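Undergrad: Sharing a structure, written as structure tokens. Questions coming.
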Amino acid sequence: MINRLTDALEFQSQALVLRSERQRMLASNIANADTPGYQARELRFADALRAVTHEGGPVHDAQGAVGPSQTNSRHLLVDDPNGVPASARVTAMQSQTSLDSNGVDMDRERASFVDNATKYEATLRFINGTVRTTLDSMRSHNAAV
Amino acid sequence: MSLLEIFDISGSAVSAQSQRLNVVASNLANVDTVAGPDGAAYKARHVVFQTHLFGPQVGMPAEGSSAGVRVSTVTEDDRPGRRVHDPKHPQADADGYVTYSNVSSVEEMVNMISASRSYQNNVEVMNTAKSLLQKTLAMGQ
């Protein structure tokens, strides 16, 4: 019973962790915009969330290769503590080649950064809304308004 | 907590960019210098950036770690300096030529604008991370 109360929160909190993880990767890309030879990295949010919540079977990356997934709770985690599968972390495609072989497209990174920040805030609001709904449902009807 | 690491990442980038700006300032200040402290003409300096990986946990895969920036070396430009015929100059050589520094002011201005834009970008990243963290702290209130 208590599971049903916290299931929605559990999902949202995992989404929030992944959003902050993606924010960190985008910050790394923006920080290395002038580093020669650096290749931009990207987190596939949908793949990562599917892997973390163990939905939809094994994770496929862009090439169709199957990444390791934890189908049993006793399986050892092969990925980092946030549970992000290695197949969800990809090297971003380069839109224009540069002389110092730096692969950061600043326009795209900034757009992704703002997009991700907005979605992080949206997830925060979902969590706040869920908490408020739960609190409202627990409040007594007889209490004076 | 991934958001807190953003301050390390962008902080390293801001410090690297300000070092680059510092070198640009030195170069621009010496654009018309004839002789440096060692007697030879001033040589333009350039910073070399390098990715600096740091992860919160030991043994984490490299692709999961944070990528900051640091200045690995400061190199000296080896191009010959500008030579101007001016026999009356006290630093003129036997042929009457004065060797100025090899700083290209156009290159340095471009470098300065690039450094300042990157600096601004990273400050904005830190501001966004800060406001997201504050909203996270206010969760459930």
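How things are named: the first chain in the structure tokens is A, the next is B, and so on; residues count from 1 in each chain; ligands count from 1 in the order shown.
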Sorted by chain and rising residue number, list the residues of chain A at most 8 Å from chain B (counting only C-alpha atoms), each with its closest atom pair and distance in Å to one decimal, as a tab-separated table.
TA:
residue	atom	partner	partner_atom	distance
A:Val17	CA	B:Ser2	CA	7.8
A:Ser20	CA	B:Ser2	CA	5.5
A:Glu21	CA	B:Ser2	CA	5.4
A:Gln23	CA	B:Leu3	CA	7.1
A:Arg24	CA	B:Ile6	CA	5.6
A:Met25	CA	B:Ser66	CA	7.0
A:Ala27	CA	B:Ile6	CA	6.2
A:Ser28	CA	B:Ala67	CA	4.9
A:Asn29	CA	B:Ala67	CA	7.6
A:Ile30	CA	B:Asn122	CA	6.9
A:Ala31	CA	B:Ala13	CA	5.1
A:Asn32	CA	B:Val69	CA	6.2
A:Ala33	CA	B:Ser118	CA	7.6
A:Asp34	CA	B:Phe49	CA	7.2
A:Thr35	CA	B:Phe49	CA	5.1
A:Pro36	CA	B:Phe49	CA	7.0
A:Tyr38	CA	B:Thr51	CA	7.2
A:Asp79	CA	B:Pro61	CA	7.4
A:Asp80	CA	B:Met60	CA	5.8
A:Ala86	CA	B:Glu63	CA	7.6
A:Arg89	CA	B:Glu63	CA	7.2
A:Ala117	CA	B:Leu132	CA	7.4
A:Tyr120	CA	B:Leu132	CA	7.7
A:Glu121	CA	B:Leu132	CA	7.1
A:Leu124	CA	B:Thr136	CA	7.0
A:Ile127	CA	B:Gly140	CA	7.8
A:Asn128	CA	B:Gly140	CA	5.3
A:Val131	CA	B:Gly140	CA	6.5
A:Arg132	CA	B:Gly140	CA	7.6
Undergrad: Among chain B, which ones does DSSP assign to helix (DSSP H, G or I) (computed from the backbone)? Answer as a PyMOL selection string.
TA: chain B and resi 2-29+62-64+105-137
Undergrad: Give me, as a ChimeraX atom specification, all polymer residues having an atom no more than 12 Å from A:Ser95, counting only C-alpha atoms and skipping those fewer than 3 positions away in the same chain.
TA: /A:39-40,92,98,101-109
Undergrad: Find, counting only C-alpha atoms, the residue in B:Phe54, B:Arg79, B:Tyr100, B:Lys130 that gets nearest to B:Ala40.
TA: B:Tyr100
Undergrad: Quick one: pull the distance between atom CA of B:Ser101 and atom CA of B:His89, Å, one decimal.
TA: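 Atom CA of B:His89 lies 15.3 Å from atom CA of B:Ser101.
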Undergrad: May I ask which of the residues B:Pro90, B:Arg45, B:Leu137, B:Thr75 is the closest one to B:Asn102, counting only C-alpha atoms?
TA: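 Closest to B:Asn102 of all the choices is B:Arg45.
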Undergrad: Residues within 12 Å of stretch 3-12 of chain A, please, as JSON, numbers by chain. Count only C-alpha atoms; anything in the same chain fewer than 4 positions from it doesn't count.
TA: {"A": [16, 17, 18, 19, 49, 50, 52, 53, 54, 55, 119, 120, 121, 122, 123, 124, 125, 126, 127, 128, 129, 130, 131, 132, 133, 134, 135, 137, 138], "B": [140]}
Undergrad: Take the residues just selected and output them with N, CA, C and O atoms as a compact mmCIF listing (two decimals), in the first residue's frame.
TA:
# COMPACT_ATOMS: atom_id res chain seq x y z
N LEU A 16 14.91 13.14 -11.78
CA LEU A 16 15.62 14.33 -11.31
C LEU A 16 17.13 14.08 -11.24
O LEU A 16 17.93 14.93 -11.66
N VAL A 17 17.51 12.89 -10.76
CA VAL A 17 18.94 12.55 -10.68
C VAL A 17 19.54 12.52 -12.08
O VAL A 17 20.64 13.05 -12.31
N LEU A 18 18.79 11.94 -13.03
CA LEU A 18 19.31 11.87 -14.40
C LEU A 18 19.40 13.25 -15.04
O LEU A 18 20.33 13.53 -15.80
N ARG A 19 18.43 14.11 -14.74
CA ARG A 19 18.48 15.48 -15.27
C ARG A 19 19.72 16.20 -14.76
O ARG A 19 20.40 16.91 -15.50
N LEU A 49 16.80 6.78 -18.57
CA LEU A 49 15.65 6.67 -17.66
C LEU A 49 15.03 5.27 -17.76
O LEU A 49 14.65 4.68 -16.75
N ARG A 50 14.99 4.74 -18.99
CA ARG A 50 14.43 3.39 -19.17
C ARG A 50 15.30 2.38 -18.42
O ARG A 50 14.80 1.47 -17.78
N VAL A 52 17.27 2.95 -15.82
CA VAL A 52 17.23 3.15 -14.37
C VAL A 52 15.93 2.61 -13.78
O VAL A 52 15.91 2.04 -12.70
N THR A 53 14.83 2.77 -14.53
CA THR A 53 13.55 2.31 -14.00
C THR A 53 13.24 0.88 -14.43
O THR A 53 12.17 0.37 -14.11
N HIS A 54 14.18 0.25 -15.14
CA HIS A 54 14.07 -1.16 -15.56
C HIS A 54 12.79 -1.42 -16.35
O HIS A 54 12.09 -2.39 -16.11
N GLU A 55 12.47 -0.52 -17.25
CA GLU A 55 11.29 -0.72 -18.09
C GLU A 55 11.72 -0.97 -19.52
O GLU A 55 12.71 -0.42 -19.97
N LYS A 119 13.53 21.43 -17.93
CA LYS A 119 12.91 20.14 -17.62
C LYS A 119 13.23 19.70 -16.20
O LYS A 119 12.42 19.01 -15.57
N TYR A 120 14.40 20.11 -15.70
CA TYR A 120 14.72 19.84 -14.30
C TYR A 120 13.71 20.54 -13.39
O TYR A 120 13.17 19.95 -12.46
N GLU A 121 13.43 21.80 -13.72
CA GLU A 121 12.45 22.55 -12.91
C GLU A 121 11.08 21.93 -13.02
O GLU A 121 10.33 21.89 -12.03
N ALA A 122 10.73 21.44 -14.22
CA ALA A 122 9.42 20.80 -14.40
C ALA A 122 9.32 19.57 -13.50
O ALA A 122 8.31 19.37 -12.82
N THR A 123 10.40 18.76 -13.47
CA THR A 123 10.39 17.57 -12.61
C THR A 123 10.24 17.97 -11.15
O THR A 123 9.52 17.33 -10.38
N LEU A 124 10.93 19.05 -10.76
CA LEU A 124 10.80 19.55 -9.39
C LEU A 124 9.34 19.89 -9.07
O LEU A 124 8.83 19.58 -7.99
N ARG A 125 8.68 20.53 -10.04
CA ARG A 125 7.27 20.90 -9.81
C ARG A 125 6.39 19.67 -9.70
O ARG A 125 5.45 19.66 -8.90
N PHE A 126 6.68 18.64 -10.52
CA PHE A 126 5.90 17.40 -10.43
C PHE A 126 6.04 16.82 -9.02
O PHE A 126 5.06 16.37 -8.42
N ILE A 127 7.27 16.83 -8.51
CA ILE A 127 7.50 16.28 -7.17
C ILE A 127 6.74 17.10 -6.13
O ILE A 127 6.03 16.54 -5.28
N ASN A 128 6.84 18.42 -6.23
CA ASN A 128 6.13 19.27 -5.28
C ASN A 128 4.63 19.03 -5.35
O ASN A 128 3.95 18.98 -4.32
N GLY A 129 4.11 18.86 -6.58
CA GLY A 129 2.68 18.61 -6.75
C GLY A 129 2.27 17.29 -6.13
O GLY A 129 1.23 17.21 -5.45
N THR A 130 3.10 16.25 -6.34
CA THR A 130 2.78 14.94 -5.76
C THR A 130 2.77 15.01 -4.24
O THR A 130 1.89 14.46 -3.58
N VAL A 131 3.77 15.71 -3.69
CA VAL A 131 3.84 15.83 -2.23
C VAL A 131 2.61 16.56 -1.71
O VAL A 131 2.00 16.15 -0.71
N ARG A 132 2.22 17.63 -2.40
CA ARG A 132 1.08 18.40 -1.95
C ARG A 132 -0.20 17.57 -2.00
O ARG A 132 -1.03 17.62 -1.09
N THR A 133 -0.36 16.80 -3.12
CA THR A 133 -1.55 15.95 -3.24
C THR A 133 -1.60 14.94 -2.12
O THR A 133 -2.66 14.71 -1.51
N THR A 134 -0.46 14.31 -1.83
CA THR A 134 -0.42 13.31 -0.76
C THR A 134 -0.78 13.94 0.58
O THR A 134 -1.56 13.39 1.36
N LEU A 135 -0.21 15.11 0.84
CA LEU A 135 -0.50 15.80 2.10
C LEU A 135 -1.98 16.17 2.21
O LEU A 135 -2.60 16.00 3.26
N SER A 137 -4.47 14.64 0.79
CA SER A 137 -5.30 13.45 0.98
C SER A 137 -5.20 12.94 2.41
O SER A 137 -6.10 12.23 2.89
N MET A 138 -4.12 13.28 3.10
CA MET A 138 -3.97 12.82 4.48
C MET A 138 -4.63 13.76 5.48
O MET A 138 -4.77 13.42 6.64
N GLY B 140 9.20 20.80 -1.59
CA GLY B 140 8.27 20.37 -0.57
C GLY B 140 7.83 21.47 0.39
O GLY B 140 7.12 21.20 1.35
Undergrad: Between atom CA of A:Phe45 and atom CA of A:Asp100, what distance in Å does the model show, to one decimal?
TA: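 Atom CA of A:Phe45 sits 29.0 Å away from atom CA of A:Asp100.
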